[in-house]
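Pasting data.csv here (CSV, C-alpha atoms):
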```csv
chain,number,residue,atom,x,y,z
O,199,MET,CA,48.6,33.5,80.9
O,200,ASN,CA,49.5,30.9,78.4
O,201,MET,CA,47.2,30.2,75.5
O,202,SER,CA,45.2,27.1,75.5
O,203,LEU,CA,42.4,25.8,73.3
O,204,ASP,CA,40.0,26.3,76.2
O,205,ILE,CA,41.0,29.9,76.5
O,206,ALA,CA,41.1,30.4,72.7
O,207,SER,CA,37.6,29.1,72.3
O,208,THR,CA,36.0,30.8,75.3
O,209,PRO,CA,33.5,33.5,74.1
O,210,VAL,CA,34.4,37.0,75.0
O,211,ARG,CA,32.3,40.1,74.9
O,212,SER,CA,32.7,41.7,71.5
O,213,GLY,CA,32.6,45.4,70.7
O,214,PRO,CA,30.9,46.7,67.5
O,215,ASP,CA,34.1,46.0,65.6
O,216,GLU,CA,34.3,42.3,66.6
O,217,LEU,CA,31.0,41.0,65.2
O,218,VAL,CA,32.8,38.3,63.2
O,219,PRO,CA,35.3,35.7,64.5
O,220,SER,CA,38.9,36.8,64.5
O,221,ARG,CA,40.6,33.7,65.8
O,222,TYR,CA,40.3,30.0,65.1
O,223,ALA,CA,41.9,27.1,67.0
O,224,VAL,CA,43.1,23.8,65.6
O,225,LYS,CA,45.1,20.9,67.0
O,226,VAL,CA,48.1,19.3,65.3
O,227,GLY,CA,48.7,16.2,67.4
O,228,GLU,CA,49.8,17.6,70.7
O,229,ILE,CA,50.5,21.1,69.3
O,230,ASP,CA,48.0,23.8,69.9
O,231,VAL,CA,47.5,26.3,67.0
O,232,LEU,CA,45.6,29.5,67.0
O,233,ILE,CA,45.1,31.4,63.8
O,234,ILE,CA,44.4,35.1,64.4
O,235,SER,CA,43.2,37.7,61.9
O,236,ASP,CA,45.3,40.9,62.0
O,237,GLY,CA,42.7,42.4,59.7
O,238,VAL,CA,42.7,43.1,56.0
O,239,LEU,CA,44.8,45.0,53.5
O,240,PRO,CA,43.0,46.8,50.6
O,241,LEU,CA,45.4,46.4,47.6
O,242,PRO,CA,45.2,46.7,43.8
O,243,THR,CA,44.3,43.5,42.0
O,244,LYS,CA,47.2,43.9,39.6
O,245,MET,CA,49.5,42.9,42.4
O,246,LEU,CA,48.1,39.3,42.2
O,247,GLY,CA,49.8,38.8,38.8
O,248,HIS,CA,51.6,41.7,37.4
O,249,ASN,CA,53.2,39.5,34.7
O,250,ALA,CA,49.8,38.1,33.6
O,251,ASP,CA,47.8,39.3,30.7
O,252,SER,CA,45.3,41.9,32.0
O,253,ALA,CA,42.4,40.1,30.3
O,254,ALA,CA,43.4,36.8,31.9
O,255,ARG,CA,43.7,38.4,35.3
O,256,ALA,CA,40.3,40.1,34.9
O,257,ALA,CA,38.7,36.8,33.9
O,258,TRP,CA,40.1,35.1,37.0
O,259,LEU,CA,38.8,37.9,39.3
O,260,LYS,CA,35.4,37.6,37.7
O,261,GLU,CA,35.4,33.9,38.0
O,262,MET,CA,36.2,34.3,41.7
O,263,PHE,CA,33.5,37.0,42.2
O,264,LEU,CA,36.2,39.5,43.2
O,265,PRO,CA,36.2,43.2,42.3
O,266,PRO,CA,38.2,44.1,39.3
O,267,ASP,CA,40.4,46.9,40.6
O,268,ALA,CA,41.1,46.3,44.4
O,269,PHE,CA,40.0,43.9,47.1
O,270,ASP,CA,40.9,43.0,50.7
O,271,TRP,CA,43.7,40.6,51.4
O,272,SER,CA,43.4,38.7,54.6
O,273,LEU,CA,46.3,39.1,57.0
O,274,ASN,CA,46.8,36.1,59.3
O,275,VAL,CA,49.1,35.4,62.2
O,276,VAL,CA,49.6,32.1,64.0
O,277,LEU,CA,50.2,31.4,67.7
O,278,VAL,CA,51.6,27.9,68.6
O,279,ARG,CA,52.1,26.1,71.9
O,280,SER,CA,54.5,23.1,71.9
O,281,GLY,CA,56.7,21.7,74.6
O,282,GLY,CA,56.0,24.5,77.1
O,283,GLN,CA,56.9,27.2,74.6
O,284,THR,CA,54.4,29.8,73.2
O,285,ILE,CA,55.5,30.8,69.7
O,286,LEU,CA,54.1,33.8,67.7
O,287,ILE,CA,54.6,33.3,64.0
O,288,ASP,CA,54.7,36.7,62.4
O,289,ALA,CA,53.3,39.8,64.1
O,290,GLY,CA,51.0,41.6,61.7
O,291,LEU,CA,51.1,45.2,60.5
O,292,GLY,CA,51.1,47.1,63.7
O,293,LEU,CA,50.4,50.8,63.1
O,294,ASP,CA,49.1,52.1,59.7
O,295,PRO,CA,52.3,53.4,57.9
O,296,ASP,CA,50.3,56.3,56.2
O,297,LEU,CA,49.3,54.0,53.4
O,298,ASN,CA,45.6,53.8,54.0
O,299,LEU,CA,45.6,50.4,55.7
O,300,PRO,CA,43.4,51.2,58.7
O,301,ARG,CA,41.7,47.8,59.0
O,302,ALA,CA,44.9,45.9,59.7
O,303,GLY,CA,47.1,46.0,62.8
O,304,GLN,CA,44.6,44.3,65.1
O,305,LEU,CA,46.9,41.6,66.6
O,306,VAL,CA,47.6,43.0,70.0
O,307,LYS,CA,44.0,43.6,70.9
O,308,ARG,CA,42.9,40.2,69.5
O,309,LEU,CA,45.6,38.4,71.4
O,310,ALA,CA,44.3,40.1,74.5
O,311,SER,CA,40.7,39.1,73.7
O,312,ALA,CA,41.8,35.5,73.3
O,313,GLY,CA,43.3,35.7,76.8
O,314,VAL,CA,46.9,35.7,75.6
O,315,ASP,CA,49.4,37.7,77.6
O,316,LEU,CA,52.3,39.1,75.5
O,317,ALA,CA,54.6,38.2,78.4
O,318,SER,CA,53.7,34.5,77.9
O,319,VAL,CA,55.3,34.5,74.4
O,320,THR,CA,58.7,32.7,74.6
O,321,ASP,CA,59.6,32.8,70.9
O,322,VAL,CA,58.7,34.8,67.7
O,323,VAL,CA,59.3,33.3,64.3
O,324,LEU,CA,59.3,35.6,61.3
O,325,THR,CA,58.6,34.3,57.8
O,326,HIS,CA,60.2,37.5,56.5
O,327,MET,CA,60.6,41.1,57.5
O,328,HIS,CA,57.9,42.9,55.4
O,329,MET,CA,56.1,45.4,57.5
O,330,ASP,CA,52.9,43.3,57.6
O,331,HIS,CA,54.8,40.6,59.4
O,332,VAL,CA,57.0,42.6,61.8
O,333,GLY,CA,54.9,45.7,62.5
O,334,GLY,CA,53.0,44.4,65.5
O,335,LEU,CA,56.3,44.3,67.4
O,336,LEU,CA,56.8,48.0,66.7
O,337,VAL,CA,53.5,49.2,68.2
O,338,GLU,CA,54.2,51.5,71.1
O,339,GLY,CA,54.3,49.7,74.4
O,340,VAL,CA,54.5,46.2,73.0
O,341,LYS,CA,58.3,45.7,73.5
O,342,ASP,CA,57.8,46.6,77.2
O,343,GLN,CA,55.3,43.8,77.6
O,344,LEU,CA,57.5,41.1,76.0
O,345,ARG,CA,59.9,38.9,77.9
O,346,PRO,CA,63.4,40.3,78.1
O,347,ASP,CA,64.6,36.8,77.1
O,348,LEU,CA,62.3,36.6,74.1
O,349,ARG,CA,63.9,34.8,71.1
O,350,ILE,CA,63.1,36.0,67.6
O,351,HIS,CA,64.0,33.5,64.9
O,352,VAL,CA,64.6,34.7,61.4
O,353,ALA,CA,66.8,33.6,58.5
O,354,ALA,CA,70.2,35.2,58.4
O,355,ALA,CA,69.7,35.9,54.7
O,356,GLU,CA,66.6,38.0,55.5
O,357,VAL,CA,68.4,40.3,57.9
O,358,LYS,CA,71.3,40.7,55.5
O,359,PHE,CA,68.9,41.5,52.6
O,360,TRP,CA,67.3,44.4,54.5
O,361,GLU,CA,70.6,46.1,55.0
O,362,ALA,CA,70.5,47.1,51.3
O,363,PRO,CA,67.2,45.8,49.9
O,364,ASP,CA,66.6,45.4,46.2
O,365,PHE,CA,63.2,46.6,44.9
O,366,THR,CA,64.0,46.4,41.2
O,367,GLN,CA,61.7,43.4,40.5
O,368,VAL,CA,58.7,44.3,42.6
O,369,ASP,CA,55.5,46.0,41.4
O,370,MET,CA,54.1,47.8,44.5
O,371,PRO,CA,51.9,50.9,44.8
O,372,GLN,CA,53.7,54.2,45.5
O,373,GLY,CA,54.9,54.5,49.1
O,374,PHE,CA,55.2,50.8,49.9
O,375,PRO,CA,59.0,50.4,49.2
O,376,ASP,CA,59.8,53.2,51.5
O,377,ALA,CA,57.5,51.9,54.2
O,378,LEU,CA,58.8,48.4,54.0
O,379,ARG,CA,62.4,49.6,54.1
O,380,SER,CA,61.6,51.8,57.1
O,381,ALA,CA,59.8,49.1,59.1
O,382,ALA,CA,62.5,46.5,58.5
O,383,THR,CA,65.3,48.9,59.5
O,384,ARG,CA,63.6,49.9,62.6
O,385,PHE,CA,62.8,46.3,63.6
O,386,ALA,CA,66.4,45.2,63.1
O,387,SER,CA,67.6,48.1,65.2
O,388,GLU,CA,65.1,47.6,68.1
O,389,TYR,CA,65.3,43.8,68.4
O,390,ARG,CA,68.9,43.0,67.2
O,391,SER,CA,70.0,41.6,70.6
O,392,GLN,CA,67.1,39.2,70.6
O,393,LEU,CA,67.5,37.8,67.0
O,394,ARG,CA,68.4,34.2,66.7
O,395,LEU,CA,69.6,33.7,63.1
O,396,PHE,CA,69.5,30.4,61.2
O,397,ASP,CA,70.8,29.5,57.7
O,398,GLU,CA,68.4,26.9,56.2
O,399,GLU,CA,66.4,25.2,58.9
O,400,HIS,CA,65.9,25.4,62.7
O,401,GLU,CA,63.8,23.5,65.2
O,402,VAL,CA,62.2,26.2,67.4
O,403,ALA,CA,60.3,23.8,69.7
O,404,PRO,CA,59.3,20.2,69.6
O,405,GLY,CA,57.7,19.6,66.2
O,406,VAL,CA,58.0,23.2,65.2
O,407,VAL,CA,60.6,23.7,62.4
O,408,VAL,CA,61.3,26.9,60.4
O,409,ARG,CA,62.8,26.4,56.9
O,410,ARG,CA,64.1,29.0,54.6
O,411,THR,CA,62.6,28.9,51.1
O,412,GLY,CA,63.8,32.2,49.6
O,413,GLY,CA,61.9,33.6,46.6
O,414,HIS,CA,59.5,36.1,48.0
O,415,THR,CA,62.5,37.6,49.9
O,416,PRO,CA,65.9,36.0,50.1
O,417,GLY,CA,65.2,34.8,53.7
O,418,HIS,CA,61.5,34.0,53.3
O,419,SER,CA,60.7,30.9,55.4
O,420,VAL,CA,57.9,28.6,56.1
O,421,VAL,CA,57.0,26.9,59.4
O,422,ARG,CA,56.3,23.2,59.5
O,423,LEU,CA,54.4,21.7,62.4
O,424,ALA,CA,54.4,17.9,63.1
O,425,SER,CA,53.0,15.9,66.0
O,426,GLY,CA,52.0,12.3,65.8
O,427,ASN,CA,50.5,11.7,62.4
O,428,ASP,CA,49.3,15.3,62.0
O,429,ARG,CA,51.1,18.0,59.9
O,430,LEU,CA,50.5,21.7,59.2
O,431,THR,CA,52.5,24.2,57.2
O,432,PHE,CA,52.3,27.9,57.7
O,433,ALA,CA,53.4,29.1,54.3
O,434,GLY,CA,53.8,32.8,55.0
O,435,ASP,CA,53.8,34.7,51.6
O,436,ALA,CA,54.8,31.7,49.5
O,437,VAL,CA,51.2,31.2,48.4
O,438,PHE,CA,48.5,33.7,47.6
O,439,THR,CA,44.9,33.0,46.6
O,440,VAL,CA,45.6,33.1,42.9
O,441,GLY,CA,48.7,31.0,43.3
O,442,PHE,CA,46.8,27.7,43.2
O,443,ASP,CA,45.2,28.3,39.8
O,444,HIS,CA,48.2,30.3,38.4
O,445,PRO,CA,51.3,29.5,40.4
O,446,ASP,CA,53.4,31.2,37.7
O,447,TRP,CA,51.8,34.6,38.2
O,448,HIS,CA,54.1,37.1,40.0
O,449,ASN,CA,52.9,38.8,43.1
O,450,GLY,CA,53.8,42.5,43.4
O,451,PHE,CA,55.6,42.0,46.7
O,452,GLU,CA,58.0,39.3,45.5
O,453,HIS,CA,61.6,40.5,45.3
O,454,ASP,CA,62.6,37.6,43.1
O,455,PRO,CA,59.4,36.6,41.3
O,456,GLU,CA,60.9,33.8,39.2
O,457,GLU,CA,62.3,32.1,42.2
O,458,ALA,CA,59.1,32.7,44.2
O,459,ALA,CA,57.1,30.9,41.5
O,460,ARG,CA,59.5,27.9,41.7
O,461,VAL,CA,59.2,27.9,45.5
O,462,ARG,CA,55.4,28.0,45.2
O,463,VAL,CA,55.2,25.1,42.8
O,464,ARG,CA,57.6,23.0,44.9
O,465,LEU,CA,55.7,23.7,48.1
O,466,LEU,CA,52.2,23.1,46.6
O,467,THR,CA,53.4,19.9,45.0
O,468,GLU,CA,54.8,18.7,48.4
O,469,LEU,CA,51.6,19.7,50.3
O,470,ALA,CA,49.4,17.9,47.7
O,471,ALA,CA,51.5,14.8,48.1
O,472,THR,CA,51.4,14.8,51.9
O,473,GLY,CA,47.8,15.9,52.4
O,474,GLU,CA,48.8,18.0,55.3
O,475,GLN,CA,47.0,21.2,56.3
O,476,LEU,CA,48.0,24.6,54.9
O,477,VAL,CA,47.7,28.0,56.5
O,478,ALA,CA,49.1,31.1,54.8
O,479,THR,CA,49.3,34.8,55.6
O,480,HIS,CA,47.0,36.2,52.8
O,481,LEU,CA,44.6,33.3,52.2
O,482,PRO,CA,41.0,34.1,53.4
O,483,PHE,CA,40.7,33.8,57.2
O,484,PRO,CA,41.0,31.3,58.9
O,485,SER,CA,42.9,29.9,55.8
O,486,VAL,CA,43.0,26.3,57.0
O,487,GLY,CA,42.8,23.9,54.1
O,488,ARG,CA,44.6,21.4,51.9
O,489,VAL,CA,46.1,21.4,48.4
O,490,ALA,CA,45.1,19.1,45.5
O,491,VAL,CA,46.7,18.8,42.1
O,492,ASP,CA,44.4,20.1,39.4
O,493,GLY,CA,45.8,19.4,35.9
O,494,ASP,CA,48.9,21.5,35.5
O,495,ALA,CA,48.0,23.7,38.5
O,496,PHE,CA,46.5,23.2,41.9
O,497,ARG,CA,43.3,23.6,43.9
O,498,TRP,CA,42.8,24.9,47.4
O,499,VAL,CA,40.4,22.8,49.5
O,500,PRO,CA,39.3,24.9,52.5
O,501,ALA,CA,38.7,22.9,55.7
O,502,TYR,CA,35.2,22.8,57.1
O,503,TRP,CA,35.1,25.0,60.2
O,504,ASP,CA,35.0,22.9,63.4
O,505,TYR,CA,33.2,24.9,66.0
```

Re-express the file's structure as structure tokens.
Amino acid sequence: MNMSLDIASTPVRSGPDELVPSRYAVKVGEIDVLIISDGVLPLPTKMLGHNADSAARAAWLKEMFLPPDAFDWSLNVVLVRSGGQTILIDAGLGLDPDLNLPRAGQLVKRLASAGVDLASVTDVVLTHMHMDHVGGLLVEGVKDQLRPDLRIHVAAAEVKFWEAPDFTQVDMPQGFPDALRSAATRFASEYRSQLRLFDEEHEVAPGVVVRRTGGHTPGHSVVRLASGNDRLTFAGDAVFTVGFDHPDWHNGFEHDPEEAARVRVRLLTELAATGEQLVATHLPFPSVGRVAVDGDAFRWVPAYWDY
């Protein structure tokens, strides 16, 4: 069945592992939006700002009441309905790639618990091809449930990058580069015939536009939703929690950290000016909020949950 806000908000019987909400529905004008938690990724705190002074990073973590060495990054995926199309934006981690990430990869079962049939998805938009954004499409049996005419929208620069990816500027734990490379290669091979490549910008459905930003990866993109007077941007990995206070700090997953910082500042400046809603992959679930200018940096203003 197709996702609707009625379906999305209908209580379902939860098992022991579903004692907290894992989906959150909002409206953007006539566009239905469902934010779904794929779980959490336990990662070293150094990856939040590997170019930052260690004392400054430790001070920020303490100020935010976060543990000093490692903490859980949220992993959010978005489902959108517009103009008769059902669009999945990113696909979560999928299976644990032997990197001790057992609490992510929940998307398929959480779509099912929300009453969303994989066969109802007409389009997939990928912000980029890191494994925590494409892995859900690689879970055994998922491809068989998807429509044969499924369109997967991704920047041409992203596909090109993963043919010979450059990891010289990243700062990732051991094992991650190999896992990222493997997932991207497998994804490109299994779904090549369904890829719909764009250069800079593409309208996927009425009011749903994907726009390449680069930075995090060469083809990294954001998705802008607009309907009536309402606006929402899904920023993918352009913004992490620390990026509001310290937009110049480099994240360990950024393949071009200097450009990623410039992208982040431009995007946050724009969102602060428009006042539109922001959702991002690794902001705390459900991650709906707005951006305010705060001196030389920014401030994230989480939305009040609307039950």

field: Nearby residues, (52.9, 39.4, 43.5) file frame, 9 Å, all atoms listed in the file, as number ranges by chain
entry: O: 244-249, 368-370, 414, 438, 447-453, 455

- request: Could you give me, as a list in words, the residues within 9 Å of Val463 of chain O, counting only C-alpha atoms and dropping anything in the same chain fewer than 3 positions from it?
  value: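 Everything that qualifies: Gly441, Phe442, Pro445, Asp446, Ala458, Ala459, Arg460, Leu466, Thr467, Glu468, Ala495 and Phe496 of chain O.
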
- request: Would you mind telling me which residue in O:Pro242, O:Gly339, O:Gly373, O:Gly237 lies nearest to Leu305 of chain O when using all atoms listed in the file?
  value: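 When distances to Leu305 of chain O are compared using all atoms listed in the file, the smallest one comes from O:Gly237.
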
field: Distance in Å - atom CA of Ala424 of chain O versus atom CA of Ile233 of chain O
entry: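 Going from atom CA of Ala424 of chain O over to atom CA of Ile233 of chain O covers 16.4 Å.
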
- prompt: How many Å separate atom CA of Ser387 of chain O from atom CA of Ser318 of chain O?
  reply: 23.2 Å

field: Point-to-point distance from atom CA of Pro300 of chain O to atom CA of Val278 of chain O, Å rounded to tenths
entry: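 Answer for the atom CA of Pro300 of chain O to atom CA of Val278 of chain O separation: 26.6 Å.
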
field: Nearby residues (only C-alpha atoms) at most 12 Å from Gly487 of chain O, same-chain spacing under 3 positions excluded, as a list of chain:residue names
entry: O:Val224, O:Arg429, O:Leu430, O:Thr431, O:Phe432, O:Ala433, O:Thr439, O:Leu469, O:Ala470, O:Gly473, O:Glu474, O:Gln475, O:Leu476, O:Val477, O:Ala478, O:Leu481, O:Pro482, O:Phe483, O:Pro484, O:Ala490, O:Arg497, O:Trp498, O:Val499, O:Pro500, O:Ala501, O:Tyr502, O:Trp503

- prompt: Of the candidates O:Gln392, O:Pro346, O:Asp504, O:Val238, which one gets nearest to Phe269 of chain O if we count all atoms listed in the file?
  reply: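 Nearest to Phe269 of chain O: O:Val238.
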
Give me, as CSV, each residue of segment 277-331 of chain O that comes within 9 Å of segment 349-364 of chain O, together with its shortest interatomic pair and the distance in Å at one decimal, counting all atoms listed in the file, with rows ordered by chain and rising residue number.
```
residue,atom,partner,partner_atom,distance
O:Thr320,CA,O:Arg349,CA,6.6
O:Asp321,CA,O:Arg349,CA,4.7
O:Val322,CA,O:Ile350,CA,4.6
O:Val323,CA,O:His351,CA,4.7
O:Leu324,CA,O:Val352,CA,5.4
O:Thr325,CA,O:Val352,CA,7.0
O:His326,CA,O:Glu356,CA,6.5
O:Met327,CA,O:Glu356,CA,7.0
```

Write out the residues from the selection above, keeping C-alpha atoms, as a PDB file, in the coordinates of the input.
```
ATOM      1  CA  THR O 320      58.700  32.700  74.600  1.00  0.00           C
ATOM      2  CA  ASP O 321      59.600  32.800  70.900  1.00  0.00           C
ATOM      3  CA  VAL O 322      58.700  34.800  67.700  1.00  0.00           C
ATOM      4  CA  VAL O 323      59.300  33.300  64.300  1.00  0.00           C
ATOM      5  CA  LEU O 324      59.300  35.600  61.300  1.00  0.00           C
ATOM      6  CA  THR O 325      58.600  34.300  57.800  1.00  0.00           C
ATOM      7  CA  HIS O 326      60.200  37.500  56.500  1.00  0.00           C
ATOM      8  CA  MET O 327      60.600  41.100  57.500  1.00  0.00           C
TER       9      MET O 327
END
```

- line: In terms of all atoms listed in the file, the residue from O:Ser380, O:Val421, O:Arg308, O:Met262 at minimal distance from Pro219 of chain O is O:Arg308

Around all the atoms of segment 337-342 of chain O listed in the file, with 4 Å of room on each side, what axis-aligned box do you get, giving centre and edge lengths in Å to one decimal, as JSON?
```
{"center_x": 55.9, "center_y": 48.6, "center_z": 72.7, "size_x": 12.8, "size_y": 13.8, "size_z": 17.0}
```
